[in-house]
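These notes are about the structure you will find just below.
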Amino acid sequence: MPSRAAPARRPEVDKNEPLVADIRLLGRILGDVIREQEGREAYELVERIRQLSVAYRHKHDKEAGKRFDKLLKGLSGEQAVSVIRAFSYFSHLANIAEDRHHIRRRDVHERAGSLQPGSLAYCLEHLHEAGIRPTEIAEVLQRGFISPVLTAHPTEVQRKSILDAERAVAGLLEARDRAATERELRDTEGLLRARITQLWQTRMLRYSKLTVADEIENALSYYQSTFLRQIPKLYAELEEHLPGEQLPSFLRMGHWIGGDRDGNPNVGAATLKRAMQRQGEVALRHYLTELHELGAELSISLRLSGVSPAMQALAERSPDQNAHRLDEPYRRALTGMYARLAATLHELTGTEALRHAVAPQDPYRTPDELLADLRTIESSLKTHHAEALIAPRLSPLIRAVQVFGFHLATLDLRQSSDQHELVLAELLAVARIEPDYSALDEAAKRELLLRLLNDARPLRVIGANYSDKARFELATFEAAREALARFGREALRHYIISHTESVSDLLEVALLLKETGLLRGVLAEQAVSDLIIVPLFETIGDLRIAPEIMREFYALPGMRGLIDRSGGEQDIMLGYSDSNKDGGMFTSSWELYRAEIALVELFDELKAQAPITLRLFHGRGGTVGRGGGPSYQAILAQPPGTVNGQIRLTEQGEVIASKYAHPEIGRRNLETLVAATLEATLLHPTQSAPKSFLQAAQALSDASFAAYRGLVYDTPGFADYFFASTPIREIAELNIGSRPASRKATRAIEDLRAIPWGFSWGQARVALPGWCGFGSGVEAFLGEEPAQRAKNLALLKRMLKGWPFFRALLSNLDMVLAKSDLTLAERYVELVEDKKLGKRIFAAIRAEFERTQAALSLITGEDKRLAANPSLARSIEHRFPYIDPLNHLQVELMRRYRRIAADDPAMERVQRGIHLSINGIAAGLRNTG
């Protein structure tokens, strides 16, 4: 019998009954809609394909496979599209149900006082138990900077219309949980049927190529649904736990969309201007709405309550002279503030406010002016017994203005180093300073660039005929200068240099900033830069030389003074996706770890001269193969001393929807970033991992790197196999993203962008970038001699237990192996025309996969995947029967697509079916799609 202090736990299945019920309900309604819209035969076809897919997975006998193939090949284009839509929508609906259940379980734990890792409450309790005082936490936040950065990429598959309908479904599931009567349950089910009908009749695909403007709008939808309201709530929760502490706005959003030119010819000055204008409009319209609502709530009369003199003066300044509001100072003041903000909206964005009690006038010049008026209202309410009216709307509005300003999010600029070199070479040649800049060696480039940075004269020659390329690039810099003047210092902070391989890559950007007025003064005297020059180290080779490049950069005459005068901040971006594509999952992780340690050591030396803040920017992808996986584990696994309250990290593509489409899930994910940053800063061990761990990791990396490179880059025909056996061609040709899938018009893996590389492997259920090389690495490290093998295995087990870096890496590996399926992947091998090549390379992939499975089981002691994560294991069990048919259908349609003539009337339906299958598989696999 269990004691009262330890009540018996209910069976695990009971906890998941609501989830199962929701999935069944949504599946039943979807089935009803399909029968109603498409007919009973269409519904029964979906069921037949599901049953055959399950049989194929569990039996994998040749007869079942033949029957299944015959059925798939006999489908008309319309039938295939209908079936794919059914399974795709089921994946989307299952995701919504899982997210709702996650919130439900979190609420249960919180009501029971059982705090969950990753929550703010757990973090602060953990810090309290460690003896860390609230003042110490506040000190970290005072100097802290946490920024998730939303990026677009070539595999973005969600339409805003679909996201909006799915948010409505999520809201109805929440309402269903609150329903108290049978009538309320029937009503919510009827509304769910309406929304699912809407989904079925809404086009899931884009008929036109996705533009940068589309990507901007998609990203902004998450502000309206989540960030603008949830981030202030997060701050309020922190303030509740840290009473009396004044918390700065340390958590801010970042964007790449509209400013990331690397490999995307569609991004330039025009998209930068559009991004800033639309971001400003979203922020200002939110404030206008809140001011309007606040006016309705603050109906306080002077006949019943007094106000402060400052509040009375604010009311008197308002142009609102309506007789009905003469005794309502707050309403009068808010009407005037609305008019000023409406004028601000028009001035910054060229658009008009929705309401006008009085004409727009006297725009706010800065967010601080608006904040001052809001603070006047707050102070008056506090001193006149109306403090209860602050928390519901005024306090969140004040925090929103502090966080989002008039710019909403910091927009980064990014371009490849070779493009900067081309522009500078042209400027120097036209100015007759250097006829062939690109031919100079590194030393000569540095000498020339430093000389020009100390020359007050511009490079451009008035009236000279510069190339379209040079004018395009310079126009982007000039648009950045204008955006800073209009939207403020926080609107643009970073200029990121892709493929940073030398000090001259940094100096070239500094000179272009000087040429366009973003860097003022000469280097030797009082130069100041408006933007932080951010190197991006992407490949394995780049990561290895990163510390030396930064050391040499800071050693240049005048450079440290420039940085100090410009704010004393240095962001350094580390690329996960490209380093993974370059060297494999383990070597990428290890080289990132080593680079971080070396950079922190370098900047500790530099701090001896004068204060400087190092901020590492983690270019994490959504999938494990692109550096993804749970953010909480990833941040806690960072090397000692590398977080220090400062972190930026990218949020990409399909993972943005997964994390932030639902407001509550979004806030929980933001909480996790804050909690992990605090824990990594205040609880992280300061000493390095044991030498034996570091040596073992290096040995594993060397062997893993050799195995990965041997398979991917050195195996004859591997690139041909990849292009034939994955949907990379279809991804590149369909309307999925605004950015080309490859940097150059070649079929070389080296030129392929890392994101479609990983995405394509995920679609084919191989997920190769997430595990390849590890099995061979462990096998080589263990050796063949029994005693040595036992000793080395014991060391790996100690590393798993005592080293967060290794533990997080194996946890991610466990997840990606669980979501991979080489039985399904083998179906894609049928698409390789050279049958011998297909069999040979797939056999090599399977052998490495099996080695990796065996190595992970050996280290963890668990033969079954996800033994330590039963909730994810159950999730996979629920959803795989509905994802597998999409893979089978995708293979069949890819086969047709590659054989059909471009002018065949059936081409459009085949393309549509493939695109839908990509959407459904990505949704079903979530962070490995």
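So you can find residues: chains in the structure tokens are A, B, ... in the order shown, residues in each start at 1, and ligands are numbered from 1 in order.
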Report as a list in words all protein, DNA and RNA residues lying within 10 Å of Ala794 of chain A, evaluated on only C-alpha atoms, omitting residues in the same chain fewer than 6 positions from it.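 Those residues are Leu782, Gln788, Leu800 and Ile859 of chain A.
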Using only C-alpha atoms, determine which residues lie at most 7 Å from segment 671-675 of chain A, disregarding the query and same-chain residues fewer than 3 positions distant; provide the list as a PyMOL selection string. chain A and resi 118-120+123+234+631-632+667-668+678-679
Which residue of A:Ala315, A:Leu810, A:Leu752, A:Leu374 approaches Phe774 of chain A most closely, using only C-alpha atoms: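 Once distances to Phe774 of chain A are computed over only C-alpha atoms, the minimum belongs to A:Leu810.
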Could you pull out the strand (DSSP E or B) residues of segment 576-823 of chain A, going by DSSP on the backbone, and write them as a PyMOL selection string? chain A and resi 613-619+646-652+742+752
Please provide the set of residues having any atom within 10 Å of segment 867-874 of chain A, restricted to only C-alpha atoms, with same-chain residues fewer than 3 positions apart removed, written as a PyMOL selection string. chain A and resi 12+16+102+811+814-815+818-819+860+862-864+877-879
Tell me, as a PyMOL selection string, which residues lie within 12 Å of Ile103 of chain A, counting only C-alpha atoms; anything in the same chain fewer than 2 positions away does not count. chain A and resi 18-19+96-101+105-110+116+170+173-174+177+662-669
Any chance you could export the current selection's C-alpha atoms as a CSV table (one decimal), in the first residue's frame?
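Dumped everything to selection.csv:
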chain,number,residue,atom,x,y,z
A,18,PRO,CA,-7.7,13.0,-23.3
A,19,LEU,CA,-5.1,13.0,-26.1
A,96,ILE,CA,-2.8,20.3,-32.6
A,97,ALA,CA,-4.1,17.6,-30.3
A,98,GLU,CA,-0.6,16.9,-29.0
A,99,ASP,CA,0.1,20.6,-28.3
A,100,ARG,CA,-3.2,20.9,-26.5
A,101,HIS,CA,-2.4,17.8,-24.4
A,105,ARG,CA,-0.4,18.1,-18.7
A,106,ARG,CA,1.6,21.2,-17.8
A,107,ASP,CA,-1.4,22.7,-16.1
A,108,VAL,CA,-2.0,19.5,-14.1
A,109,HIS,CA,1.6,19.5,-12.9
A,110,GLU,CA,1.6,23.1,-12.0
A,116,GLN,CA,8.6,20.8,-14.9
A,170,ALA,CA,-6.6,24.7,-31.2
A,173,LEU,CA,-10.1,22.1,-28.3
A,174,GLU,CA,-9.2,24.4,-25.3
A,177,ASP,CA,-11.8,21.2,-22.1
A,662,HIS,CA,-0.2,28.4,-30.5
A,663,PRO,CA,0.1,31.3,-28.0
A,664,GLU,CA,0.5,29.1,-24.9
A,665,ILE,CA,2.9,26.7,-26.5
A,666,GLY,CA,4.8,29.8,-27.7
A,667,ARG,CA,5.1,31.3,-24.3
A,668,ARG,CA,6.3,28.0,-22.9
A,669,ASN,CA,9.0,27.8,-25.5
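Nearest-residue note for Phe553 of chain A: choosing from A:Leu450, A:Ala598, A:Ala94, A:Leu185, the minimum distance belongs to A:Leu450, counting only C-alpha atoms.
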Between A:Thr226, A:Ala707, A:Gly568, A:Ser588, smallest distance to Arg615 of chain A by only C-alpha atoms belongs to A:Gly568
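Using only C-alpha atoms for every distance, the candidate list A:Ala333, A:Leu683, A:Leu370, A:Ala546 yields A:Leu683 as the residue closest to Gly131 of chain A.
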Contact residues around Arg909 of chain A with only C-alpha atoms at 6 Å, ignoring same-chain residues under 3 positions, as an MDAnalysis selection string: chainID A and resid 77 906 912
Using only N, CA, C and O atoms, please write the residues we just selected to a file, as a PDB file, in the first residue's frame.
ATOM      1  N   GLY A  77      -4.592  10.882 -60.755  1.00  0.00           N
ATOM      2  CA  GLY A  77      -3.985  12.048 -60.125  1.00  0.00           C
ATOM      3  C   GLY A  77      -4.886  12.663 -59.073  1.00  0.00           C
ATOM      4  O   GLY A  77      -4.445  13.030 -57.986  1.00  0.00           O
ATOM      5  N   ALA A 906      -1.735  16.185 -66.906  1.00  0.00           N
ATOM      6  CA  ALA A 906      -1.676  15.573 -65.574  1.00  0.00           C
ATOM      7  C   ALA A 906      -0.555  16.149 -64.716  1.00  0.00           C
ATOM      8  O   ALA A 906      -0.503  15.897 -63.501  1.00  0.00           O
ATOM      9  N   ARG A 912       1.105  18.956 -57.541  1.00  0.00           N
ATOM     10  CA  ARG A 912       0.330  19.319 -56.353  1.00  0.00           C
ATOM     11  C   ARG A 912       0.385  18.198 -55.315  1.00  0.00           C
ATOM     12  O   ARG A 912       0.542  18.432 -54.114  1.00  0.00           O
TER      13      ARG A 912
END
Could you work out how far atom CA of Val778 of chain A lies from atom CA of Ala790 of chain A, giving the answer in Å with one decimal?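 Value for the atom CA of Ala790 of chain A-atom CA of Val778 of chain A distance: 12.5 Å.
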